[in-house]
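Engineer: Dropping in coords_39.cif, with mmCIF, C-alpha atoms and all ligand atoms.
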data_coords
#
loop_
_atom_site.group_PDB
_atom_site.id
_atom_site.type_symbol
_atom_site.label_atom_id
_atom_site.label_comp_id
_atom_site.auth_asym_id
_atom_site.auth_seq_id
_atom_site.Cartn_x
_atom_site.Cartn_y
_atom_site.Cartn_z
ATOM 1 C CA MET T 1 -14.706 128.849 99.758
ATOM 2 C CA THR T 2 -14.603 132.286 98.151
ATOM 3 C CA GLY T 3 -12.095 131.118 95.532
ATOM 4 C CA ARG T 4 -10.084 134.216 96.354
ATOM 5 C CA GLN T 5 -6.921 135.058 98.172
ATOM 6 C CA ALA T 6 -6.482 137.516 101.002
ATOM 7 C CA VAL T 7 -3.158 139.086 101.953
ATOM 8 C CA VAL T 8 -2.587 140.494 105.415
ATOM 9 C CA VAL T 9 0.626 142.501 105.850
ATOM 10 C CA GLY T 10 1.483 142.500 109.542
ATOM 11 C CA ALA T 11 -0.474 139.297 110.128
ATOM 12 C CA SER T 12 1.667 138.685 113.202
ATOM 13 C CA SER T 13 0.155 141.686 115.003
ATOM 14 C CA ASP T 14 -2.651 140.884 117.403
ATOM 15 C CA ILE T 15 -5.141 142.654 115.144
ATOM 16 C CA GLY T 16 -3.670 141.172 111.943
ATOM 17 C CA ARG T 17 -3.869 137.691 113.376
ATOM 18 C CA ALA T 18 -7.516 138.127 114.310
ATOM 19 C CA VAL T 19 -8.213 139.408 110.782
ATOM 20 C CA CYS T 20 -6.511 136.315 109.316
ATOM 21 C CA GLY T 21 -8.707 134.062 111.440
ATOM 22 C CA ARG T 22 -11.876 135.776 110.314
ATOM 23 C CA LEU T 23 -10.873 135.837 106.627
ATOM 24 C CA ALA T 24 -9.977 132.141 106.796
ATOM 25 C CA ALA T 25 -13.397 131.431 108.321
ATOM 26 C CA LEU T 26 -14.973 133.208 105.338
ATOM 27 C CA GLY T 27 -13.112 130.879 102.986
ATOM 28 C CA TYR T 28 -10.280 133.090 101.794
ATOM 29 C CA ALA T 29 -6.912 131.507 101.102
ATOM 30 C CA VAL T 30 -4.837 133.636 103.446
ATOM 31 C CA THR T 31 -1.271 134.839 102.979
ATOM 32 C CA GLY T 32 0.053 136.584 106.073
ATOM 33 C CA THR T 33 3.341 138.380 106.534
ATOM 34 C CA TYR T 34 5.386 138.448 109.692
ATOM 35 C CA ARG T 35 8.808 139.661 110.718
ATOM 36 C CA ASP T 36 9.261 137.984 114.086
ATOM 37 C CA PRO T 37 9.475 134.174 113.553
ATOM 38 C CA GLY T 38 8.209 133.657 117.099
ATOM 39 C CA ARG T 39 4.842 135.095 116.079
ATOM 40 C CA ALA T 40 4.321 133.271 112.766
ATOM 41 C CA GLU T 41 2.821 130.153 114.313
ATOM 42 C CA LEU T 42 0.226 132.304 116.093
ATOM 43 C CA VAL T 43 -1.113 133.282 112.677
ATOM 44 C CA ALA T 44 -1.447 129.631 111.709
ATOM 45 C CA ALA T 45 -3.195 128.947 115.020
ATOM 46 C CA ALA T 46 -5.695 131.743 114.344
ATOM 47 C CA CYS T 47 -6.640 130.132 111.007
ATOM 48 C CA ALA T 48 -6.725 126.550 112.327
ATOM 49 C CA PRO T 49 -10.363 126.625 113.567
ATOM 50 C CA ALA T 50 -11.368 127.268 109.938
ATOM 51 C CA GLY T 51 -9.351 124.231 108.865
ATOM 52 C CA HIS T 52 -7.075 126.524 106.883
ATOM 53 C CA ARG T 53 -3.297 126.566 106.764
ATOM 54 C CA PRO T 54 -2.211 130.099 105.739
ATOM 55 C CA ARG T 55 0.813 130.820 103.617
ATOM 56 C CA LEU T 56 3.268 132.673 105.835
ATOM 57 C CA VAL T 57 5.805 135.030 104.287
ATOM 58 C CA GLN T 58 8.580 136.534 106.364
ATOM 59 C CA LEU T 59 9.425 140.063 105.355
ATOM 60 C CA ASP T 60 10.632 143.323 106.752
ATOM 61 C CA VAL T 61 8.694 146.031 104.948
ATOM 62 C CA THR T 62 11.616 148.446 105.267
ATOM 63 C CA ASN T 63 13.566 146.138 102.915
ATOM 64 C CA ARG T 64 11.136 146.888 100.077
ATOM 65 C CA GLU T 65 10.186 143.261 99.554
ATOM 66 C CA GLU T 66 6.651 143.853 98.308
ATOM 67 C CA GLU T 67 7.478 142.510 94.829
ATOM 68 C CA ARG T 68 8.642 139.242 96.403
ATOM 69 C CA LEU T 69 5.325 139.104 98.286
ATOM 70 C CA ALA T 70 3.437 139.709 95.032
ATOM 71 C CA ALA T 71 5.416 136.912 93.354
ATOM 72 C CA GLU T 72 4.364 134.518 96.153
ATOM 73 C CA VAL T 73 0.707 135.427 95.677
ATOM 74 C CA ALA T 74 0.741 135.498 91.850
ATOM 75 C CA GLY T 75 -0.343 132.385 90.023
ATOM 76 C CA GLY T 76 -2.965 131.416 92.584
ATOM 77 C CA ALA T 77 -6.603 132.440 92.775
ATOM 78 C CA PRO T 78 -7.333 136.134 92.183
ATOM 79 C CA LEU T 79 -6.656 138.447 95.063
ATOM 80 C CA GLY T 80 -9.830 139.596 96.789
ATOM 81 C CA VAL T 81 -8.603 141.364 99.909
ATOM 82 C CA LEU T 82 -5.504 143.222 101.075
ATOM 83 C CA VAL T 83 -5.254 144.303 104.695
ATOM 84 C CA TYR T 84 -2.327 146.433 105.808
ATOM 85 C CA ALA T 85 -1.880 146.099 109.587
ATOM 86 C CA ALA T 86 1.848 146.713 110.048
ATOM 87 C CA GLY T 87 2.755 149.757 112.091
ATOM 88 C CA THR T 88 5.356 150.963 114.499
ATOM 89 C CA VAL T 89 5.685 153.695 117.034
ATOM 90 C CA ASP T 90 8.624 155.663 118.389
ATOM 91 C CA PRO T 91 7.903 157.373 121.696
ATOM 92 C CA ALA T 92 10.652 160.019 121.402
ATOM 93 C CA PRO T 93 9.438 163.626 121.557
ATOM 94 C CA VAL T 94 10.319 165.652 118.456
ATOM 95 C CA PRO T 95 13.462 167.350 119.824
ATOM 96 C CA GLN T 96 14.930 163.902 120.516
ATOM 97 C CA LEU T 97 13.501 162.187 117.433
ATOM 98 C CA SER T 98 16.211 161.669 114.814
ATOM 99 C CA GLU T 99 15.410 161.844 111.132
ATOM 100 C CA ALA T 100 16.183 158.113 110.891
ATOM 101 C CA GLN T 101 13.625 157.344 113.643
ATOM 102 C CA TRP T 102 11.042 159.559 111.950
ATOM 103 C CA ASP T 103 11.685 157.905 108.565
ATOM 104 C CA ARG T 104 11.348 154.424 110.048
ATOM 105 C CA VAL T 105 7.929 155.070 111.579
ATOM 106 C CA LEU T 106 6.652 156.684 108.393
ATOM 107 C CA ASP T 107 8.126 153.906 106.253
ATOM 108 C CA VAL T 108 6.623 150.995 108.204
ATOM 109 C CA THR T 109 3.297 152.638 108.949
ATOM 110 C CA VAL T 110 2.396 154.348 105.682
ATOM 111 C CA SER T 111 4.991 154.225 102.870
ATOM 112 C CA ALA T 112 5.053 150.442 102.883
ATOM 113 C CA ALA T 113 1.246 150.429 102.680
ATOM 114 C CA TYR T 114 1.507 152.400 99.438
ATOM 115 C CA ARG T 115 4.191 149.993 98.176
ATOM 116 C CA ALA T 116 2.066 146.960 99.088
ATOM 117 C CA VAL T 117 -0.956 148.321 97.212
ATOM 118 C CA ARG T 118 1.180 149.173 94.187
ATOM 119 C CA ALA T 119 2.790 145.729 94.082
ATOM 120 C CA LEU T 120 -0.401 143.725 94.653
ATOM 121 C CA LEU T 121 -2.852 145.773 92.573
ATOM 122 C CA PRO T 122 -2.280 143.777 89.357
ATOM 123 C CA LEU T 123 -3.295 140.595 91.196
ATOM 124 C CA PHE T 124 -6.823 141.703 92.036
ATOM 125 C CA GLY T 125 -9.550 140.021 90.077
ATOM 126 C CA ASP T 126 -12.558 141.908 88.720
ATOM 127 C CA GLU T 127 -13.206 143.422 92.151
ATOM 128 C CA GLY T 128 -11.530 143.648 95.524
ATOM 129 C CA ALA T 129 -11.073 145.486 98.766
ATOM 130 C CA VAL T 130 -8.231 147.069 100.691
ATOM 131 C CA ALA T 131 -8.334 147.933 104.382
ATOM 132 C CA PHE T 132 -5.711 149.851 106.287
ATOM 133 C CA ILE T 133 -5.451 149.622 110.054
ATOM 134 C CA GLY T 134 -5.126 153.260 111.040
ATOM 135 C CA SER T 135 -5.539 154.791 114.465
ATOM 136 C CA THR T 136 -7.678 157.463 116.068
ATOM 137 C CA ALA T 137 -4.402 158.881 117.479
ATOM 138 C CA HIS T 138 -4.148 161.376 114.628
ATOM 139 C CA ARG T 139 -7.577 162.888 115.259
ATOM 140 C CA GLN T 140 -6.542 164.834 118.359
ATOM 141 C CA GLY T 141 -2.802 164.260 118.151
ATOM 142 C CA THR T 142 -2.835 161.789 121.027
ATOM 143 C CA GLY T 143 0.407 159.962 120.370
ATOM 144 C CA PRO T 144 4.034 160.421 119.393
ATOM 145 C CA ALA T 145 4.516 162.793 116.437
ATOM 146 C CA ALA T 146 5.796 160.351 113.828
ATOM 147 C CA TYR T 147 3.049 157.808 114.573
ATOM 148 C CA VAL T 148 0.310 160.447 114.531
ATOM 149 C CA SER T 149 1.670 161.832 111.244
ATOM 150 C CA ALA T 150 1.917 158.395 109.671
ATOM 151 C CA LYS T 151 -1.634 157.427 110.613
ATOM 152 C CA ALA T 152 -2.968 160.761 109.297
ATOM 153 C CA ALA T 153 -1.147 160.087 106.022
ATOM 154 C CA LEU T 154 -2.540 156.556 105.899
ATOM 155 C CA ARG T 155 -6.052 157.948 106.044
ATOM 156 C CA GLY T 156 -5.233 160.368 103.224
ATOM 157 C CA LEU T 157 -3.774 157.550 101.156
ATOM 158 C CA ALA T 158 -6.947 155.507 101.644
ATOM 159 C CA LYS T 159 -9.162 158.340 100.464
ATOM 160 C CA ALA T 160 -7.071 159.040 97.355
ATOM 161 C CA LEU T 161 -6.899 155.336 96.493
ATOM 162 C CA ALA T 162 -10.642 154.941 97.025
ATOM 163 C CA ARG T 163 -11.240 157.521 94.293
ATOM 164 C CA GLU T 164 -8.519 156.208 91.989
ATOM 165 C CA LEU T 165 -9.622 152.596 92.177
ATOM 166 C CA ALA T 166 -13.414 152.870 92.390
ATOM 167 C CA ARG T 167 -13.972 152.291 88.691
ATOM 168 C CA GLN T 168 -11.814 149.171 88.927
ATOM 169 C CA ARG T 169 -14.272 148.017 91.594
ATOM 170 C CA ILE T 170 -11.577 148.038 94.246
ATOM 171 C CA ARG T 171 -12.761 149.601 97.500
ATOM 172 C CA VAL T 172 -10.404 151.136 100.034
ATOM 173 C CA ASN T 173 -11.289 151.871 103.646
ATOM 174 C CA VAL T 174 -9.520 152.609 106.919
ATOM 175 C CA VAL T 175 -10.392 151.053 110.245
ATOM 176 C CA GLU T 176 -9.236 153.330 113.048
ATOM 177 C CA PRO T 177 -9.113 151.672 116.472
ATOM 178 C CA GLY T 178 -8.861 153.733 119.618
ATOM 179 C CA PHE T 179 -7.282 151.681 122.391
ATOM 180 C CA VAL T 180 -7.006 147.963 121.830
ATOM 181 C CA ASP T 181 -5.841 145.467 124.406
ATOM 182 C CA THR T 182 -2.837 144.107 122.498
ATOM 183 C CA ARG T 183 0.900 143.626 122.869
ATOM 184 C CA PHE T 184 1.181 147.189 121.486
ATOM 185 C CA GLU T 185 -0.081 148.364 124.892
ATOM 186 C CA GLY T 186 2.543 146.283 126.727
ATOM 187 C CA VAL T 187 2.361 143.712 129.514
ATOM 188 C CA ASP T 188 4.345 145.192 132.422
ATOM 189 C CA GLU T 189 3.185 147.018 135.566
ATOM 190 C CA ALA T 190 3.325 150.428 133.859
ATOM 191 C CA ALA T 191 1.156 149.073 131.048
ATOM 192 C CA GLU T 192 -1.396 147.827 133.571
ATOM 193 C CA ARG T 193 -1.501 151.282 135.148
ATOM 194 C CA ARG T 194 -2.001 152.796 131.699
ATOM 195 C CA ARG T 195 -4.812 150.360 130.960
ATOM 196 C CA ARG T 196 -6.591 151.462 134.146
ATOM 197 C CA GLN T 197 -6.231 155.114 133.099
ATOM 198 C CA LEU T 198 -7.495 154.328 129.615
ATOM 199 C CA ARG T 199 -10.520 152.439 130.908
ATOM 200 C CA ALA T 200 -11.476 155.536 132.879
ATOM 201 C CA MET T 201 -11.254 157.676 129.709
ATOM 202 C CA ILE T 202 -13.246 155.386 127.421
ATOM 203 C CA PRO T 203 -17.042 155.799 127.623
ATOM 204 C CA ALA T 204 -17.459 152.051 127.038
ATOM 205 C CA GLY T 205 -15.314 151.473 130.136
ATOM 206 C CA ARG T 206 -12.867 149.076 128.499
ATOM 207 C CA LEU T 207 -10.375 148.693 125.692
ATOM 208 C CA ALA T 208 -11.404 146.943 122.471
ATOM 209 C CA THR T 209 -10.302 143.403 121.799
ATOM 210 C CA ALA T 210 -8.273 142.652 118.673
ATOM 211 C CA ASP T 211 -11.117 140.447 117.461
ATOM 212 C CA GLU T 212 -13.626 143.298 117.768
ATOM 213 C CA VAL T 213 -11.402 145.357 115.480
ATOM 214 C CA ALA T 214 -11.052 142.404 113.093
ATOM 215 C CA GLU T 215 -14.838 142.088 112.932
ATOM 216 C CA ILE T 216 -15.059 145.660 111.605
ATOM 217 C CA VAL T 217 -12.214 145.058 109.148
ATOM 218 C CA VAL T 218 -14.080 142.102 107.701
ATOM 219 C CA LEU T 219 -17.255 144.175 107.526
ATOM 220 C CA ALA T 220 -15.365 146.923 105.687
ATOM 221 C CA VAL T 221 -13.854 144.619 103.080
ATOM 222 C CA GLY T 222 -17.128 142.768 102.617
ATOM 223 C CA HIS T 223 -19.498 145.657 102.013
ATOM 224 C CA PRO T 224 -19.992 146.290 98.287
ATOM 225 C CA TYR T 225 -20.779 150.005 98.560
ATOM 226 C CA LEU T 226 -18.345 151.035 101.267
ATOM 227 C CA THR T 227 -15.297 152.897 100.016
ATOM 228 C CA GLY T 228 -13.284 155.887 101.172
ATOM 229 C CA ALA T 229 -14.723 155.377 104.646
ATOM 230 C CA THR T 230 -13.102 155.605 108.041
ATOM 231 C CA LEU T 231 -14.574 153.189 110.546
ATOM 232 C CA THR T 232 -13.872 154.172 114.134
ATOM 233 C CA VAL T 233 -13.653 151.419 116.743
ATOM 234 C CA ALA T 234 -13.087 153.394 119.920
ATOM 235 C CA GLY T 235 -15.847 152.597 122.416
ATOM 236 C CA GLY T 236 -16.980 156.232 122.240
ATOM 237 C CA ALA T 237 -13.559 157.678 123.127
ATOM 238 C CA VAL T 238 -13.380 159.411 119.725
ATOM 239 C CA MET T 239 -16.608 160.355 118.021
ATOM 240 C CA ASP T 240 -15.727 161.820 114.635
HETATM 241 N N1 LIG C 301 -3.060 148.227 119.986
HETATM 242 C C1 LIG C 301 -3.651 149.395 119.868
HETATM 243 O O1 LIG C 301 -4.137 149.986 120.859
HETATM 244 C C2 LIG C 301 -3.805 150.038 118.517
HETATM 245 C C3 LIG C 301 -4.612 151.171 118.415
HETATM 246 C C4 LIG C 301 -4.761 151.768 117.183
HETATM 247 C C5 LIG C 301 -4.121 151.246 116.066
HETATM 248 N N2 LIG C 301 -3.339 150.155 116.180
HETATM 249 C C6 LIG C 301 -2.689 149.661 114.956
HETATM 250 O O2 LIG C 301 -3.040 148.311 114.728
HETATM 251 C C7 LIG C 301 -2.020 147.668 113.950
HETATM 252 C C8 LIG C 301 -1.678 146.324 114.598
HETATM 253 O O3 LIG C 301 -1.172 146.598 115.888
HETATM 254 P P1 LIG C 301 -1.292 145.683 117.155
HETATM 255 O O4 LIG C 301 -1.832 146.513 118.232
HETATM 256 O O5 LIG C 301 -1.982 144.417 116.859
HETATM 257 O O6 LIG C 301 0.278 145.639 117.534
HETATM 258 P P2 LIG C 301 1.588 144.875 117.121
HETATM 259 O O7 LIG C 301 1.355 143.472 117.511
HETATM 260 O O8 LIG C 301 2.733 145.551 117.709
HETATM 261 O O9 LIG C 301 1.680 145.082 115.509
HETATM 262 C C9 LIG C 301 2.698 145.620 114.763
HETATM 263 C C10 LIG C 301 2.764 144.819 113.444
HETATM 264 O O10 LIG C 301 3.614 145.486 112.527
HETATM 265 C C11 LIG C 301 4.622 144.558 112.095
HETATM 266 N N3 LIG C 301 5.841 145.275 111.796
HETATM 267 C C12 LIG C 301 6.447 146.239 112.532
HETATM 268 N N4 LIG C 301 7.560 146.645 111.916
HETATM 269 C C13 LIG C 301 7.678 145.922 110.769
HETATM 270 C C14 LIG C 301 8.605 145.851 109.703
HETATM 271 N N5 LIG C 301 9.673 146.634 109.674
HETATM 272 N N6 LIG C 301 8.391 144.981 108.703
HETATM 273 C C15 LIG C 301 7.303 144.171 108.712
HETATM 274 N N7 LIG C 301 6.382 144.170 109.672
HETATM 275 C C16 LIG C 301 6.572 145.030 110.700
HETATM 276 C C17 LIG C 301 4.810 143.599 113.263
HETATM 277 O O11 LIG C 301 5.453 142.406 112.834
HETATM 278 P P3 LIG C 301 6.199 141.421 113.909
HETATM 279 O O12 LIG C 301 5.286 141.330 115.117
HETATM 280 O O13 LIG C 301 6.283 140.109 113.207
HETATM 281 O O14 LIG C 301 7.494 142.029 114.216
HETATM 282 C C18 LIG C 301 3.355 143.413 113.655
HETATM 283 O O15 LIG C 301 2.737 142.516 112.752
HETATM 284 C C19 LIG C 301 -0.835 148.659 113.907
HETATM 285 O O16 LIG C 301 -0.858 149.305 112.639
HETATM 286 C C20 LIG C 301 -1.162 149.664 115.008
HETATM 287 O O17 LIG C 301 -0.651 150.958 114.731
HETATM 288 C C21 LIG C 301 -3.157 149.527 117.385
#
How does the structure come out when it is put into structure tokens?
Ligand SMILES: NC(=O)c1ccc[n+]([C@@H]2O[C@H](COP(=O)([O-])OP(=O)(O)OC[C@H]3O[C@@H](n4cnc5c(N)ncnc54)[C@H](OP(=O)(O)O)[C@@H]3O)[C@@H](O)[C@H]2O)c1
Structural biologist:
Amino acid sequence: MTGRQAVVVGASSDIGRAVCGRLAALGYAVTGTYRDPGRAELVAAACAPAGHRPRLVQLDVTNREEERLAAEVAGGAPLGVLVYAAGTVDPAPVPQLSEAQWDRVLDVTVSAAYRAVRALLPLFGDEGAVAFIGSTAHRQGTGPAAYVSAKAALRGLAKALARELARQRIRVNVVEPGFVDTRFEGVDEAAERRRRQLRAMIPAGRLATADEVAEIVVLAVGHPYLTGATLTVAGGAVMD
């Protein structure tokens, strides 16, 4: 056991769930957030091989419930790791994208990450690590505008926090996946067609698995000298 807690916001995502499993295997006491009750048990299942039962907290990040999350985590072992994996996308092109749709994507994908860090920061022990799940989509603008903008902002937030928090021995990094084979990509016929097109575009010839992304997240939070870094997990599809 590490004697430390880890919080994963968006634990119910495919990537978040894989991160929970790996953190549990390392001995962290995991708290994972979810919104969709149907996906909460999947988080518990991911931690089960480690013999760990995670604390599951239902919250919608747009309701500004980060203080309630912090209250759940307070009083236990010091916080060692915070992973922010929540994100949402709106496919509407800009002329059809309402301000409310824009605000929602930005809120879930980046503003709530800032709020989570702010709320949980006092719970870190004498050192800790934060990882944001970003996306390579912002590098060449390959995605809907609000999502691309939010992920670019998330990277900026990580860099600024890395500087601000370095002397407190809290490291902040971003893991930017390219294309990952998750629910995010969909399960219907159109999604299958898209997967085939993506495979053709990716030098590695396949999409990443959620667990491959989680492996890099765990590496990022575990490395004592890594901060302010962007780790790309894209099978060669994006190279800087
Ligand atoms: N899949 C890819 O190809 C890919 C590529 C690059 C980056 N990413 C990023 O990886 C992260 C995880 O995505 P994933 O692919 O594993 O997809 P996913 O399963 O769709 O993940 C979305 C996550 O965000 C949570 N979420 C959305 N809106 C929320 C809200 N209002 N309040 C609280 N939680 C909310 C979801 O919770 P519920 O499920 O409980 O509703 C879920 O945990 C995302 O940040 C995504 O942008 C994915």
Engineer: Could you tell me, counting all atoms listed in the file, which protein and nucleic acid residues lie no more than 6 Å from ligand LIG 301 (chain C), written as an MDAnalysis selection string?
Structural biologist: chainID T and resid 10:15 34:36 39 59:62 85:88 108 133:135 177:185
Engineer: Those residues with C-alpha atoms, as a PDB file, in the coordinates of the input please?
Structural biologist:
ATOM      1  CA  GLY T  10       1.483 142.500 109.542  1.00  0.00           C
ATOM      2  CA  ALA T  11      -0.474 139.297 110.128  1.00  0.00           C
ATOM      3  CA  SER T  12       1.667 138.685 113.202  1.00  0.00           C
ATOM      4  CA  SER T  13       0.155 141.686 115.003  1.00  0.00           C
ATOM      5  CA  ASP T  14      -2.651 140.884 117.403  1.00  0.00           C
ATOM      6  CA  ILE T  15      -5.141 142.654 115.144  1.00  0.00           C
ATOM      7  CA  TYR T  34       5.386 138.448 109.692  1.00  0.00           C
ATOM      8  CA  ARG T  35       8.808 139.661 110.718  1.00  0.00           C
ATOM      9  CA  ASP T  36       9.261 137.984 114.086  1.00  0.00           C
ATOM     10  CA  ARG T  39       4.842 135.095 116.079  1.00  0.00           C
ATOM     11  CA  LEU T  59       9.425 140.063 105.355  1.00  0.00           C
ATOM     12  CA  ASP T  60      10.632 143.323 106.752  1.00  0.00           C
ATOM     13  CA  VAL T  61       8.694 146.031 104.948  1.00  0.00           C
ATOM     14  CA  THR T  62      11.616 148.446 105.267  1.00  0.00           C
ATOM     15  CA  ALA T  85      -1.880 146.099 109.587  1.00  0.00           C
ATOM     16  CA  ALA T  86       1.848 146.713 110.048  1.00  0.00           C
ATOM     17  CA  GLY T  87       2.755 149.757 112.091  1.00  0.00           C
ATOM     18  CA  THR T  88       5.356 150.963 114.499  1.00  0.00           C
ATOM     19  CA  VAL T 108       6.623 150.995 108.204  1.00  0.00           C
ATOM     20  CA  ILE T 133      -5.451 149.622 110.054  1.00  0.00           C
ATOM     21  CA  GLY T 134      -5.126 153.260 111.040  1.00  0.00           C
ATOM     22  CA  SER T 135      -5.539 154.791 114.465  1.00  0.00           C
ATOM     23  CA  PRO T 177      -9.113 151.672 116.472  1.00  0.00           C
ATOM     24  CA  GLY T 178      -8.861 153.733 119.618  1.00  0.00           C
ATOM     25  CA  PHE T 179      -7.282 151.681 122.391  1.00  0.00           C
ATOM     26  CA  VAL T 180      -7.006 147.963 121.830  1.00  0.00           C
ATOM     27  CA  ASP T 181      -5.841 145.467 124.406  1.00  0.00           C
ATOM     28  CA  THR T 182      -2.837 144.107 122.498  1.00  0.00           C
ATOM     29  CA  ARG T 183       0.900 143.626 122.869  1.00  0.00           C
ATOM     30  CA  PHE T 184       1.181 147.189 121.486  1.00  0.00           C
ATOM     31  CA  GLU T 185      -0.081 148.364 124.892  1.00  0.00           C
TER      32      GLU T 185
END
Engineer: Can you list what the PyMOL selection byres (((chain T and resi 106) around 12) and not hetatm) grabs from this structure, as a PyMOL selection string?
Structural biologist: chain T and resi 61-62+86-90+99-105+107-114+144-154
Engineer: What does the structure give for the distance between CA of Ala210 (chain T) and CA of Ala18 (chain T), in Å to one decimal?
Structural biologist: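 Interatomic distance here is 6.3 Å.
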Engineer: In the coordinate frame of the file, compute which residues have an atom within 8 Å of (-13.6, 145.5, 101.2) when using all atoms listed in the file, and state them as a list of chain:residue names.
Structural biologist: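 Output: T:Val81, T:Gly128, T:Ala129, T:Val130, T:Ala131, T:Ile170, T:Arg171, T:Val172, T:Asn173, T:Val218, T:Leu219, T:Ala220, T:Val221, T:Gly222, T:His223, T:Pro224, T:Leu226, T:Thr227.
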Engineer: Need to verify the contact set: Ala74 (chain T), 12 Å, only C-alpha atoms, exclusion of same-chain residues closer than 6 positions in sequence. Can you return it as JSON, numbers by chain?
Structural biologist: {"T": [4, 5, 6, 7, 31, 67, 68, 119, 120, 121, 122, 123, 124, 125]}
Engineer: For the residues in that selection, give me C-alpha atoms as a short mmCIF file (atom, residue, chain, number, x, y, z; two decimals), in the frame of the given file.
Structural biologist:
data_model
loop_
_atom_site.label_atom_id
_atom_site.label_comp_id
_atom_site.auth_asym_id
_atom_site.auth_seq_id
_atom_site.Cartn_x
_atom_site.Cartn_y
_atom_site.Cartn_z
CA ARG T 4 -10.08 134.22 96.35
CA GLN T 5 -6.92 135.06 98.17
CA ALA T 6 -6.48 137.52 101.00
CA VAL T 7 -3.16 139.09 101.95
CA THR T 31 -1.27 134.84 102.98
CA GLU T 67 7.48 142.51 94.83
CA ARG T 68 8.64 139.24 96.40
CA ALA T 119 2.79 145.73 94.08
CA LEU T 120 -0.40 143.72 94.65
CA LEU T 121 -2.85 145.77 92.57
CA PRO T 122 -2.28 143.78 89.36
CA LEU T 123 -3.30 140.60 91.20
CA PHE T 124 -6.82 141.70 92.04
CA GLY T 125 -9.55 140.02 90.08
#
Engineer: Identify all residues satisfying the PyMOL selection byres (((chain T and resi 21-23) around 8) and not hetatm) in the given file; provide them as a CSV table (one decimal) with C-alpha atoms, in the coordinates of the input.
Structural biologist:
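Just written: expr14.csv:
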chain,number,residue,atom,x,y,z
T,6,ALA,CA,-6.5,137.5,101.0
T,17,ARG,CA,-3.9,137.7,113.4
T,18,ALA,CA,-7.5,138.1,114.3
T,19,VAL,CA,-8.2,139.4,110.8
T,20,CYS,CA,-6.5,136.3,109.3
T,24,ALA,CA,-10.0,132.1,106.8
T,25,ALA,CA,-13.4,131.4,108.3
T,26,LEU,CA,-15.0,133.2,105.3
T,27,GLY,CA,-13.1,130.9,103.0
T,28,TYR,CA,-10.3,133.1,101.8
T,30,VAL,CA,-4.8,133.6,103.4
T,43,VAL,CA,-1.1,133.3,112.7
T,46,ALA,CA,-5.7,131.7,114.3
T,47,CYS,CA,-6.6,130.1,111.0
T,48,ALA,CA,-6.7,126.6,112.3
T,49,PRO,CA,-10.4,126.6,113.6
T,50,ALA,CA,-11.4,127.3,109.9
T,214,ALA,CA,-11.1,142.4,113.1
T,215,GLU,CA,-14.8,142.1,112.9
T,218,VAL,CA,-14.1,142.1,107.7
Engineer: Counting only C-alpha atoms, I want the residues whose atoms come within 6 Å of (-11.2, 135.5, 93.8) in the file frame, returned as a PyMOL selection string.
Structural biologist: chain T and resi 3-4+77-80
Engineer: Just to confirm, what's the straight-line distance from CA of Ala234 (chain T) to CA of Lys159 (chain T) in Å (one decimal)?
Structural biologist: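 Taking CA of Ala234 (chain T) and CA of Lys159 (chain T), their separation equals 20.5 Å.
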Engineer: Take CA of Glu66 (chain T) and CA of Arg115 (chain T) and report the distance between them in Å, one decimal.
Structural biologist: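 Interatomic distance, CA of Glu66 (chain T) to CA of Arg115 (chain T): 6.6 Å.
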